[in-house]
$ cat model.cif   # mmCIF, C-alpha atoms
data_protein
loop_
_atom_site.label_atom_id
_atom_site.label_comp_id
_atom_site.auth_asym_id
_atom_site.auth_seq_id
_atom_site.Cartn_x
_atom_site.Cartn_y
_atom_site.Cartn_z
CA MET P 211 67.44 -110.87 -30.82
CA SER P 212 65.79 -114.07 -29.62
CA PHE P 213 62.65 -113.97 -27.54
CA ARG P 214 60.50 -116.44 -25.68
CA LYS P 215 57.17 -117.16 -27.30
CA VAL P 216 53.97 -116.67 -25.32
CA ARG P 217 52.58 -120.16 -24.66
CA VAL P 218 48.78 -120.23 -24.91
CA LEU P 219 46.15 -122.76 -23.86
CA ILE P 220 42.78 -122.37 -25.61
CA ILE P 221 39.64 -123.55 -23.79
CA ASP P 222 36.42 -123.52 -25.83
CA ASP P 223 33.69 -126.09 -26.41
CA SER P 224 33.35 -125.09 -30.08
CA ALA P 225 35.69 -127.03 -32.36
CA SER P 226 35.44 -124.34 -35.05
CA VAL P 227 36.41 -121.60 -32.59
CA ARG P 228 39.32 -123.67 -31.27
CA GLN P 229 40.50 -124.14 -34.84
CA ALA P 230 40.11 -120.46 -35.74
CA LEU P 231 41.87 -119.20 -32.61
CA THR P 232 44.68 -121.71 -33.06
CA ALA P 233 45.21 -120.47 -36.62
CA ILE P 234 45.11 -116.78 -35.61
CA LEU P 235 47.47 -117.14 -32.66
CA SER P 236 49.87 -119.61 -34.29
CA ALA P 237 50.37 -117.23 -37.21
CA ASP P 238 51.99 -114.73 -34.86
CA PRO P 239 55.75 -115.41 -34.50
CA GLY P 240 55.59 -114.39 -30.83
CA ILE P 241 52.88 -116.89 -29.84
CA GLU P 242 52.77 -120.68 -29.50
CA VAL P 243 49.52 -122.57 -28.94
CA ILE P 244 50.49 -125.47 -26.68
CA ALA P 245 47.01 -127.07 -26.55
CA ALA P 246 43.31 -126.54 -27.23
CA ALA P 247 40.80 -128.07 -24.80
CA ALA P 248 37.05 -128.54 -25.16
CA ASP P 249 36.26 -127.92 -21.47
CA PRO P 250 37.92 -127.02 -18.14
CA PHE P 251 38.34 -130.66 -17.12
CA ALA P 252 40.41 -131.43 -20.22
CA ALA P 253 42.26 -128.15 -19.72
CA ALA P 254 43.19 -129.09 -16.16
CA ARG P 255 45.10 -132.12 -17.46
CA TYR P 256 47.11 -129.90 -19.83
CA ILE P 257 47.86 -127.43 -17.02
CA GLN P 258 49.14 -130.23 -14.78
CA ALA P 259 51.66 -131.13 -17.48
CA GLU P 260 52.62 -127.56 -18.49
CA VAL P 261 51.42 -124.25 -17.07
CA PRO P 262 50.76 -121.86 -19.98
CA ASP P 263 51.66 -118.18 -20.05
CA VAL P 264 48.10 -117.26 -21.05
CA ILE P 265 44.74 -119.06 -21.16
CA THR P 266 41.93 -118.03 -23.49
CA LEU P 267 38.69 -119.11 -21.81
CA ASP P 268 35.17 -119.43 -23.17
CA VAL P 269 32.38 -118.16 -20.93
CA GLU P 270 29.70 -120.79 -21.52
CA MET P 271 30.81 -124.42 -21.59
CA PRO P 272 29.32 -127.80 -20.60
CA ARG P 273 30.10 -129.32 -17.17
CA MET P 274 31.67 -126.09 -15.82
CA ASP P 275 31.20 -122.47 -16.89
CA GLY P 276 34.19 -120.24 -17.54
CA VAL P 277 33.76 -117.93 -14.54
CA THR P 278 33.63 -120.86 -12.08
CA PHE P 279 36.77 -122.34 -13.62
CA LEU P 280 38.46 -118.94 -13.53
CA ARG P 281 37.83 -118.55 -9.80
CA ARG P 282 39.21 -122.01 -9.08
CA LEU P 283 42.23 -121.40 -11.29
CA MET P 284 43.08 -118.10 -9.59
CA ALA P 285 42.86 -119.76 -6.17
CA GLN P 286 45.09 -122.71 -7.11
CA CYS P 287 47.32 -121.67 -10.03
CA PRO P 288 47.12 -117.93 -10.85
CA THR P 289 47.55 -117.56 -14.60
CA PRO P 290 46.71 -114.66 -16.96
CA VAL P 291 43.30 -115.41 -18.45
CA VAL P 292 41.58 -113.74 -21.41
CA MET P 293 37.85 -114.36 -21.67
CA CYS P 294 36.52 -115.25 -25.11
CA SER P 295 32.83 -114.67 -25.79
CA SER P 296 30.25 -114.03 -28.48
CA LEU P 297 29.32 -111.15 -26.17
CA VAL P 298 25.64 -110.58 -26.72
CA GLU P 299 24.33 -107.73 -24.56
CA GLU P 300 22.84 -109.99 -21.87
CA GLY P 301 26.19 -111.77 -21.47
CA SER P 302 28.14 -108.63 -20.64
CA GLU P 303 27.39 -108.81 -16.91
CA THR P 304 28.95 -112.28 -16.80
CA LEU P 305 32.09 -110.94 -18.44
CA LEU P 306 32.27 -108.15 -15.89
CA GLN P 307 32.11 -110.80 -13.17
CA ALA P 308 35.00 -112.56 -14.90
CA LEU P 309 37.11 -109.40 -14.89
CA GLU P 310 36.35 -108.88 -11.21
CA ALA P 311 37.35 -112.52 -10.58
CA GLY P 312 40.78 -111.94 -12.11
CA ALA P 313 40.52 -112.15 -15.91
CA VAL P 314 42.95 -109.78 -17.59
CA ASP P 315 40.99 -108.94 -20.75
CA VAL P 316 38.16 -109.91 -23.10
CA PHE P 317 37.86 -110.46 -26.83
CA LEU P 318 35.11 -111.48 -29.21
CA LYS P 319 34.97 -114.93 -30.69
CA PRO P 320 36.01 -114.66 -34.33
CA ARG P 321 33.17 -114.96 -36.78
CA VAL P 322 34.57 -117.91 -38.64
CA GLY P 323 34.46 -117.52 -42.42
CA VAL P 324 34.16 -113.72 -42.45
CA ALA P 325 37.51 -112.76 -43.96
CA ASP P 326 37.33 -109.03 -43.27
CA HIS P 327 36.66 -109.64 -39.59
CA LEU P 328 39.54 -112.08 -39.29
CA VAL P 329 41.98 -109.58 -40.82
CA GLU P 330 41.17 -107.02 -38.12
CA ALA P 331 40.68 -109.61 -35.38
CA HIS P 332 44.09 -111.16 -35.93
CA ALA P 333 46.12 -108.17 -34.75
CA GLN P 334 43.71 -107.31 -31.94
CA ILE P 335 43.50 -110.83 -30.52
CA CYS P 336 47.24 -111.35 -30.69
CA GLU P 337 47.91 -108.03 -28.96
CA ILE P 338 45.43 -108.87 -26.19
CA VAL P 339 47.11 -112.23 -25.62
CA LYS P 340 50.59 -110.68 -25.56
CA GLY P 341 49.38 -108.03 -23.16
CA ALA P 342 47.93 -110.69 -20.89
CA ALA P 343 51.31 -112.46 -20.83
CA GLN P 344 52.82 -109.33 -19.32
CA ALA P 345 50.15 -108.95 -16.66
CA ARG P 346 51.42 -108.67 -13.09
CA LEU P 347 50.21 -111.73 -11.21
CA GLY P 348 52.36 -112.26 -8.14
CA ALA P 349 55.98 -112.72 -9.10
CA ARG P 350 55.31 -113.68 -12.72
CA ARG P 351 57.90 -112.34 -15.11
CA PRO P 352 56.54 -110.93 -18.38
CA ALA P 353 57.24 -112.86 -21.54
CA ARG P 354 59.32 -111.17 -24.22
CA THR P 355 57.36 -110.75 -27.41
CA ALA P 356 57.97 -109.83 -31.00
CA SER P 357 57.93 -106.28 -32.32
CA PRO P 358 54.44 -104.80 -32.91
CA GLN P 359 53.03 -104.71 -36.41
CA ALA P 360 52.82 -101.49 -38.39
CA ARG P 361 49.57 -99.58 -37.85
CA LEU P 362 47.80 -96.31 -38.54
CA THR P 363 48.23 -93.22 -36.38
CA ALA P 364 45.62 -90.62 -35.42
CA ASP P 365 46.43 -88.85 -38.73
CA ALA P 366 43.99 -91.31 -40.30
CA VAL P 367 41.13 -89.66 -38.38
CA LEU P 368 42.19 -86.13 -37.38
CA PRO P 369 44.88 -83.69 -38.57
CA PRO P 370 47.59 -82.79 -36.04
CA PRO P 371 46.99 -79.96 -33.54
CA THR P 372 47.52 -76.47 -34.93
CA GLY P 373 49.62 -75.32 -31.98
CA ARG P 374 47.29 -72.41 -31.24
CA ALA P 375 46.60 -72.10 -27.52
CA MET P 376 42.97 -72.45 -26.48
CA SER P 377 41.55 -69.82 -24.15
CA ARG P 378 40.74 -71.03 -20.64
CA THR P 379 37.10 -71.59 -19.71
CA THR P 380 35.49 -72.12 -16.32
CA GLU P 381 35.16 -75.87 -16.95
CA MET P 382 37.72 -78.47 -17.90
CA VAL P 383 37.46 -81.76 -19.76
CA VAL P 384 39.30 -84.85 -18.54
CA CYS P 385 40.31 -87.55 -21.02
CA ILE P 386 41.35 -91.00 -19.77
CA GLY P 387 42.78 -93.87 -21.81
CA ALA P 388 43.29 -97.46 -20.63
CA SER P 389 43.53 -101.00 -21.93
CA THR P 390 44.64 -104.27 -20.30
CA GLY P 391 43.74 -104.14 -16.61
CA GLY P 392 41.87 -100.89 -17.11
CA THR P 393 38.37 -101.97 -16.13
CA GLU P 394 39.26 -102.47 -12.48
CA ALA P 395 41.67 -99.51 -12.49
CA LEU P 396 38.93 -97.22 -13.81
CA ARG P 397 36.56 -98.49 -11.15
CA GLU P 398 39.05 -97.50 -8.45
CA VAL P 399 39.56 -94.02 -9.91
CA LEU P 400 35.94 -93.21 -10.66
CA THR P 401 34.54 -94.47 -7.35
CA ALA P 402 36.93 -92.09 -5.59
CA LEU P 403 35.49 -89.02 -7.32
CA PRO P 404 32.81 -86.74 -5.81
CA ALA P 405 29.50 -86.01 -7.53
CA ASN P 406 30.75 -82.61 -8.78
CA ALA P 407 33.94 -83.94 -10.41
CA PRO P 408 34.93 -82.44 -13.79
CA GLY P 409 33.44 -83.96 -16.92
CA ILE P 410 35.33 -87.05 -18.08
CA VAL P 411 35.60 -88.93 -21.38
CA VAL P 412 37.06 -92.45 -21.28
CA VAL P 413 38.47 -94.79 -23.89
CA GLN P 414 38.84 -98.29 -22.47
CA HIS P 415 39.75 -100.86 -25.11
CA MET P 416 36.73 -103.18 -25.14
CA PRO P 417 34.69 -105.17 -27.67
CA GLU P 418 31.39 -103.84 -28.96
CA ASN P 419 28.33 -104.16 -26.68
CA PHE P 420 30.47 -104.56 -23.58
CA THR P 421 30.86 -100.89 -22.71
CA ARG P 422 27.15 -100.34 -22.08
CA ALA P 423 27.12 -102.94 -19.30
CA PHE P 424 30.45 -101.64 -18.00
CA ALA P 425 29.05 -98.11 -17.80
CA ARG P 426 25.93 -99.34 -15.99
CA ARG P 427 28.05 -101.20 -13.45
CA LEU P 428 30.18 -98.11 -12.77
CA ASN P 429 27.10 -95.93 -12.54
CA ASP P 430 25.77 -98.14 -9.74
CA LEU P 431 29.06 -97.80 -7.84
CA CYS P 432 30.01 -94.15 -8.38
CA GLU P 433 28.81 -90.78 -7.13
CA VAL P 434 29.33 -89.40 -10.64
CA ASP P 435 26.88 -90.39 -13.39
CA VAL P 436 28.41 -92.86 -15.85
CA LYS P 437 26.99 -93.78 -19.26
CA GLU P 438 28.06 -95.12 -22.62
CA ALA P 439 28.69 -92.08 -24.81
CA GLU P 440 26.40 -91.10 -27.67
CA ASP P 441 27.20 -88.69 -30.45
CA GLY P 442 26.50 -85.12 -29.28
CA ASP P 443 26.59 -85.83 -25.52
CA THR P 444 27.76 -82.83 -23.49
CA VAL P 445 30.85 -83.19 -21.32
CA MET P 446 29.79 -81.72 -18.00
CA ARG P 447 30.51 -81.83 -14.30
CA GLY P 448 29.51 -84.98 -12.49
CA HIS P 449 29.29 -87.04 -15.67
CA VAL P 450 31.56 -89.70 -17.19
CA LEU P 451 31.17 -90.78 -20.82
CA ILE P 452 32.56 -94.20 -21.78
CA ALA P 453 33.42 -94.58 -25.48
CA PRO P 454 31.37 -97.31 -27.20
CA GLY P 455 33.57 -100.33 -27.78
CA GLY P 456 34.70 -101.76 -31.04
CA LEU P 457 32.98 -99.78 -33.77
CA ARG P 458 33.75 -96.05 -33.66
CA HIS P 459 36.22 -93.46 -32.40
CA ILE P 460 35.29 -90.79 -29.86
CA MET P 461 36.47 -87.17 -30.03
CA VAL P 462 36.04 -84.03 -27.96
CA GLU P 463 34.66 -81.00 -29.81
CA ARG P 464 34.15 -77.45 -28.58
CA GLN P 465 30.83 -75.65 -29.02
CA GLY P 466 31.18 -72.15 -27.61
CA ALA P 467 32.16 -72.48 -23.96
CA ARG P 468 31.12 -76.13 -23.66
CA TYR P 469 32.43 -79.45 -24.89
CA VAL P 470 30.58 -82.29 -26.59
CA VAL P 471 31.67 -85.66 -27.87
CA ALA P 472 31.56 -86.83 -31.46
CA VAL P 473 31.30 -90.57 -32.06
CA ARG P 474 32.52 -91.26 -35.58
CA GLU P 475 33.43 -94.14 -37.86
CA GLY P 476 37.05 -94.54 -38.90
CA PRO P 477 39.85 -97.06 -39.40
CA LEU P 478 41.73 -98.77 -36.61
CA VAL P 479 44.27 -96.37 -35.11
CA SER P 480 47.22 -97.81 -33.20
CA ARG P 481 45.40 -101.10 -33.84
CA HIS P 482 42.36 -99.94 -31.87
CA ARG P 483 38.89 -98.50 -32.35
CA PRO P 484 38.13 -96.51 -30.29
CA SER P 485 41.69 -95.26 -30.00
CA VAL P 486 43.14 -93.31 -27.09
CA ASP P 487 45.36 -91.43 -29.54
CA VAL P 488 42.30 -90.13 -31.38
CA LEU P 489 40.61 -88.95 -28.16
CA PHE P 490 43.79 -87.28 -26.89
CA ARG P 491 44.50 -85.58 -30.21
CA SER P 492 40.98 -84.17 -30.31
CA ALA P 493 41.50 -82.78 -26.81
CA ALA P 494 44.81 -81.23 -27.85
CA ARG P 495 43.15 -79.61 -30.87
CA ASN P 496 39.91 -78.48 -29.27
CA ALA P 497 40.56 -78.07 -25.55
CA GLY P 498 44.26 -77.30 -25.12
CA ALA P 499 44.90 -75.93 -21.62
CA ASN P 500 41.30 -76.72 -20.65
CA ALA P 501 42.08 -80.43 -20.70
CA VAL P 502 43.65 -83.08 -18.50
CA GLY P 503 44.99 -86.29 -20.05
CA ILE P 504 45.51 -89.49 -18.08
CA ILE P 505 47.01 -92.67 -19.52
CA MET P 506 46.63 -95.85 -17.52
CA THR P 507 47.51 -99.53 -17.57
CA GLY P 508 47.58 -101.23 -20.96
CA MET P 509 49.57 -103.10 -23.60
CA GLY P 510 51.17 -101.25 -26.52
CA ASP P 511 51.52 -97.53 -27.09
CA ASP P 512 48.02 -96.27 -27.95
CA GLY P 513 47.68 -92.82 -26.38
CA ALA P 514 51.39 -92.03 -26.00
CA ARG P 515 51.54 -89.73 -29.02
CA GLY P 516 48.23 -88.13 -28.21
CA LEU P 517 49.21 -87.44 -24.60
CA LEU P 518 52.36 -85.69 -25.80
CA GLU P 519 50.23 -83.56 -28.13
CA MET P 520 47.99 -82.67 -25.20
CA ARG P 521 50.95 -81.63 -23.07
CA GLN P 522 52.38 -79.54 -25.90
CA ALA P 523 48.98 -77.85 -26.22
CA GLY P 524 49.05 -76.83 -22.53
CA ALA P 525 47.05 -79.66 -20.95
CA ARG P 526 47.95 -81.28 -17.64
CA THR P 527 49.04 -84.87 -18.19
CA PHE P 528 49.44 -87.93 -15.94
CA ALA P 529 50.66 -91.48 -16.45
CA GLN P 530 49.98 -94.38 -14.10
CA ASP P 531 53.15 -95.73 -12.48
CA GLU P 532 54.67 -99.15 -13.10
CA ALA P 533 54.04 -100.52 -9.63
CA THR P 534 50.25 -100.21 -9.89
CA SER P 535 49.83 -100.99 -13.62
CA VAL P 536 48.67 -104.47 -14.60
CA VAL P 537 50.61 -103.96 -17.84
CA PHE P 538 53.10 -101.08 -17.94
CA GLY P 539 53.01 -100.63 -21.72
CA MET P 540 50.96 -97.55 -22.61
CA PRO P 541 52.14 -95.51 -19.60
CA ARG P 542 55.77 -96.47 -20.18
CA GLU P 543 55.61 -95.33 -23.81
CA ALA P 544 54.03 -92.03 -22.81
CA ILE P 545 56.67 -91.42 -20.14
CA ALA P 546 59.47 -92.27 -22.57
CA ARG P 547 58.16 -89.64 -25.01
CA GLY P 548 58.04 -86.96 -22.33
CA ALA P 549 54.25 -86.86 -22.53
CA ALA P 550 53.56 -87.25 -18.81
CA GLU P 551 53.86 -84.20 -16.57
CA ARG P 552 53.40 -86.51 -13.57
CA VAL P 553 53.78 -90.23 -12.94
CA VAL P 554 51.36 -91.25 -10.20
CA SER P 555 50.09 -94.40 -8.51
CA LEU P 556 46.60 -95.67 -9.21
CA GLY P 557 45.46 -94.67 -5.74
CA ALA P 558 46.60 -91.06 -6.27
CA ILE P 559 45.03 -90.41 -9.68
CA ALA P 560 41.62 -89.22 -8.43
CA ARG P 561 43.20 -86.96 -5.80
CA ASP P 562 45.68 -85.38 -8.22
CA LEU P 563 43.00 -84.98 -10.88
CA LEU P 564 40.79 -83.03 -8.50
CA HIS P 565 43.77 -80.91 -7.43
CA VAL P 566 44.73 -79.76 -10.95
CA THR P 567 41.11 -79.10 -11.98
CA ALA P 568 40.20 -77.06 -8.89
CA ARG P 569 39.16 -73.51 -9.79
#
$ encode --input "model.cif" --output "structure tokens"
Amino acid sequence: MSFRKVRVLIIDDSASVRQALTAILSADPGIEVIAAAADPFAAARYIQAEVPDVITLDVEMPRMDGVTFLRRLMAQCPTPVVMCSSLVEEGSETLLQALEAGAVDVFLKPRVGVADHLVEAHAQICEIVKGAAQARLGARRPARTASPQARLTADAVLPPPTGRAMSRTTEMVVCIGASTGGTEALREVLTALPANAPGIVVVQHMPENFTRAFARRLNDLCEVDVKEAEDGDTVMRGHVLIAPGGLRHIMVERQGARYVVAVREGPLVSRHRPSVDVLFRSAARNAGANAVGIIMTGMGDDGARGLLEMRQAGARTFAQDEATSVVFGMPREAIARGAAERVVSLGAIARDLLHVTAR
């Protein structure tokens, strides 16, 4: 079946990065790089001639920074934008500003010449760009893309659930998975929760170093305490643990009547690390009916299998609805598998979560 390629405009002041991104994206049969510009002024001339499906945008550039250009673009010609950055820790706040200004996602600049990084980066960058092409911006219609590449499942990290029901405890653990569009969606959910909300563990697909700044930003906005998770952290009321981005998986483990998180190395699962499937499977194995699983906006199907395993283990499970999802990929896959007990709007997630966890 024929499909329309995702047309991409690359904007980056580094010639080597433009070359590397062009090679990575052009190698995907579902993507076409229509131009590569050294700065926003050159990019504007390309956009006047042909509006791309997706723009990859560097953060720091001469003459005009990426966030300023993004704000002007969204006001004049709304287009899905993915921010591209070297993402040192001090630059994370700028990237958060870009997401708040309308950017769909973020990825790391490829470390040119490091072959192992490029092998992993290829699939991740291409998926992010394809996800951005499906983002809901006004009346934009999503581009049709090629079939996803083969990838590992959660079996690469954890064995399947045993099927044994877990005894109920007085506390519950809530596991949330999100990807494209998830940063702002999570902000809406978490700011609606009271200070005594159940303990929550979150996987939001993000590059390394970004999640610490993201957690700090949420902590300033929320009544619950939010932090980047560390190995051995306890899952407890009034606290939200955000999985560290890019390097390790996060899992829920039971110690007596309480739950802790384990942050462990492992291969990419469903093309991601951390993977929602890994988090959800750990909850199915170790929490069972003491867990709630929520899958939110995002490209692909990471989390769909794991959410089904959670439901089969007795957990309560939600999926975000299509109308409020930036990209209705992950929730759609979960719904299609029968993994979601409820399909709810973004604005109803916090309310329904508190309802099913009330004791």
$ resolve_selection --input "model.cif" --expression "the PyMOL selection byres ((chain P and resi 261) around 12)" --output "compact mmCIF listing (two decimals) with C-alpha atoms, in the frame of the given file"
# COMPACT_ATOMS: atom_id res chain seq x y z
CA VAL P 216 53.97 -116.67 -25.32
CA ARG P 217 52.58 -120.16 -24.66
CA VAL P 218 48.78 -120.23 -24.91
CA LEU P 219 46.15 -122.76 -23.86
CA ILE P 244 50.49 -125.47 -26.68
CA ALA P 245 47.01 -127.07 -26.55
CA ALA P 253 42.26 -128.15 -19.72
CA ALA P 254 43.19 -129.09 -16.16
CA ARG P 255 45.10 -132.12 -17.46
CA TYR P 256 47.11 -129.90 -19.83
CA ILE P 257 47.86 -127.43 -17.02
CA GLN P 258 49.14 -130.23 -14.78
CA ALA P 259 51.66 -131.13 -17.48
CA GLU P 260 52.62 -127.56 -18.49
CA PRO P 262 50.76 -121.86 -19.98
CA ASP P 263 51.66 -118.18 -20.05
CA VAL P 264 48.10 -117.26 -21.05
CA ILE P 265 44.74 -119.06 -21.16
CA LEU P 283 42.23 -121.40 -11.29
CA GLN P 286 45.09 -122.71 -7.11
CA CYS P 287 47.32 -121.67 -10.03
CA PRO P 288 47.12 -117.93 -10.85
CA THR P 289 47.55 -117.56 -14.60
CA PRO P 290 46.71 -114.66 -16.96
$ residues_near_point --input "model.cif" --point "(26.5, -109.3, -16.3)" --cutoff "6 Å" --atoms "only C-alpha atoms" --output "list in words"
Gly301, Ser302, Glu303, Thr304 and Leu306 of chain P
$ atom_distance --input "model.cif" --atom1 "atom CA of P:Glu310" --atom2 "atom CA of P:Glu270"
17.1 Å
$ atom_distance --input "model.cif" --atom1 "atom CA of P:Glu438" --atom2 "atom CA of P:Thr278"
28.4 Å
$ resolve_selection --input "model.cif" --expression "the PyMOL selection byres ((chain P and resi 525) around 10)" --output "list in words"
Met376, Met382, Val383, Val384, Ala493, Ala494, Ala497, Gly498, Ala499, Asn500, Ala501, Val502, Gly503, Leu517, Leu518, Glu519, Met520, Arg521, Gln522, Ala523, Gly524, Arg526, Thr527, Phe528 and Glu551 of chain P
$ atom_distance --input "model.cif" --atom1 "atom CA of P:Leu309" --atom2 "atom CA of P:Val277"
9.2 Å
$ residues_around --input "model.cif" --residues "P:Leu267" --least-positions-apart "2" --cutoff "8 Å" --atoms "only C-alpha atoms" --output "list in words"
Ile220, Ile221, Asp222, Ile265, Val269, Gly276, Val291, Val292, Met293 and Cys294 of chain P
$ resolve_selection --input "model.cif" --expression "the PyMOL selection byres ((chain P and resi 386-392) around 9)" --output "ChimeraX atom specification"
/P:309,313-315,338,341-342,345,384-385,393-397,410-416,485-487,489-490,502-510,512-513,535-537,540
$ closest_residue --input "model.cif" --among "P:Ile234, P:Val470, P:Leu428, P:Ile545" --to "P:Val445" --atoms "all atoms listed in the file"
P:Val470
$ residues_around --input "model.cif" --residues "P:Gly456" --least-positions-apart "4" --cutoff "12 Å" --atoms "all atoms listed in the file" --output "VMD selection string"
chain P and resid 297 316 to 318 327 330 to 331 334 413 to 422 460 473 to 479 481 to 485
$ write_last_selection --input "model.cif" --atoms "C-alpha atoms" --output "mmCIF file, in the coordinates of the input"
data_model
loop_
_atom_site.group_PDB
_atom_site.id
_atom_site.type_symbol
_atom_site.label_atom_id
_atom_site.label_comp_id
_atom_site.auth_asym_id
_atom_site.auth_seq_id
_atom_site.Cartn_x
_atom_site.Cartn_y
_atom_site.Cartn_z
ATOM 1 C CA LEU P 297 29.320 -111.150 -26.170
ATOM 2 C CA VAL P 316 38.160 -109.910 -23.100
ATOM 3 C CA PHE P 317 37.860 -110.460 -26.830
ATOM 4 C CA LEU P 318 35.110 -111.480 -29.210
ATOM 5 C CA HIS P 327 36.660 -109.640 -39.590
ATOM 6 C CA GLU P 330 41.170 -107.020 -38.120
ATOM 7 C CA ALA P 331 40.680 -109.610 -35.380
ATOM 8 C CA GLN P 334 43.710 -107.310 -31.940
ATOM 9 C CA VAL P 413 38.470 -94.790 -23.890
ATOM 10 C CA GLN P 414 38.840 -98.290 -22.470
ATOM 11 C CA HIS P 415 39.750 -100.860 -25.110
ATOM 12 C CA MET P 416 36.730 -103.180 -25.140
ATOM 13 C CA PRO P 417 34.690 -105.170 -27.670
ATOM 14 C CA GLU P 418 31.390 -103.840 -28.960
ATOM 15 C CA ASN P 419 28.330 -104.160 -26.680
ATOM 16 C CA PHE P 420 30.470 -104.560 -23.580
ATOM 17 C CA THR P 421 30.860 -100.890 -22.710
ATOM 18 C CA ARG P 422 27.150 -100.340 -22.080
ATOM 19 C CA ILE P 460 35.290 -90.790 -29.860
ATOM 20 C CA VAL P 473 31.300 -90.570 -32.060
ATOM 21 C CA ARG P 474 32.520 -91.260 -35.580
ATOM 22 C CA GLU P 475 33.430 -94.140 -37.860
ATOM 23 C CA GLY P 476 37.050 -94.540 -38.900
ATOM 24 C CA PRO P 477 39.850 -97.060 -39.400
ATOM 25 C CA LEU P 478 41.730 -98.770 -36.610
ATOM 26 C CA VAL P 479 44.270 -96.370 -35.110
ATOM 27 C CA ARG P 481 45.400 -101.100 -33.840
ATOM 28 C CA HIS P 482 42.360 -99.940 -31.870
ATOM 29 C CA ARG P 483 38.890 -98.500 -32.350
ATOM 30 C CA PRO P 484 38.130 -96.510 -30.290
ATOM 31 C CA SER P 485 41.690 -95.260 -30.000
#
$ closest_residue --input "model.cif" --among "P:Lys340, P:Arg447, P:Arg346, P:Lys319" --to "P:Asp435" --atoms "only C-alpha atoms"
P:Arg447
$ closest_residue --input "model.cif" --among "P:Glu532, P:Glu463, P:Glu398, P:Glu381" --to "P:Met446" --atoms "only C-alpha atoms"
P:Glu381
$ closest_residue --input "model.cif" --among "P:Ala514, P:Ala472, P:Ala237, P:Met461" --to "P:Ser492" --atoms "all atoms listed in the file"
P:Met461
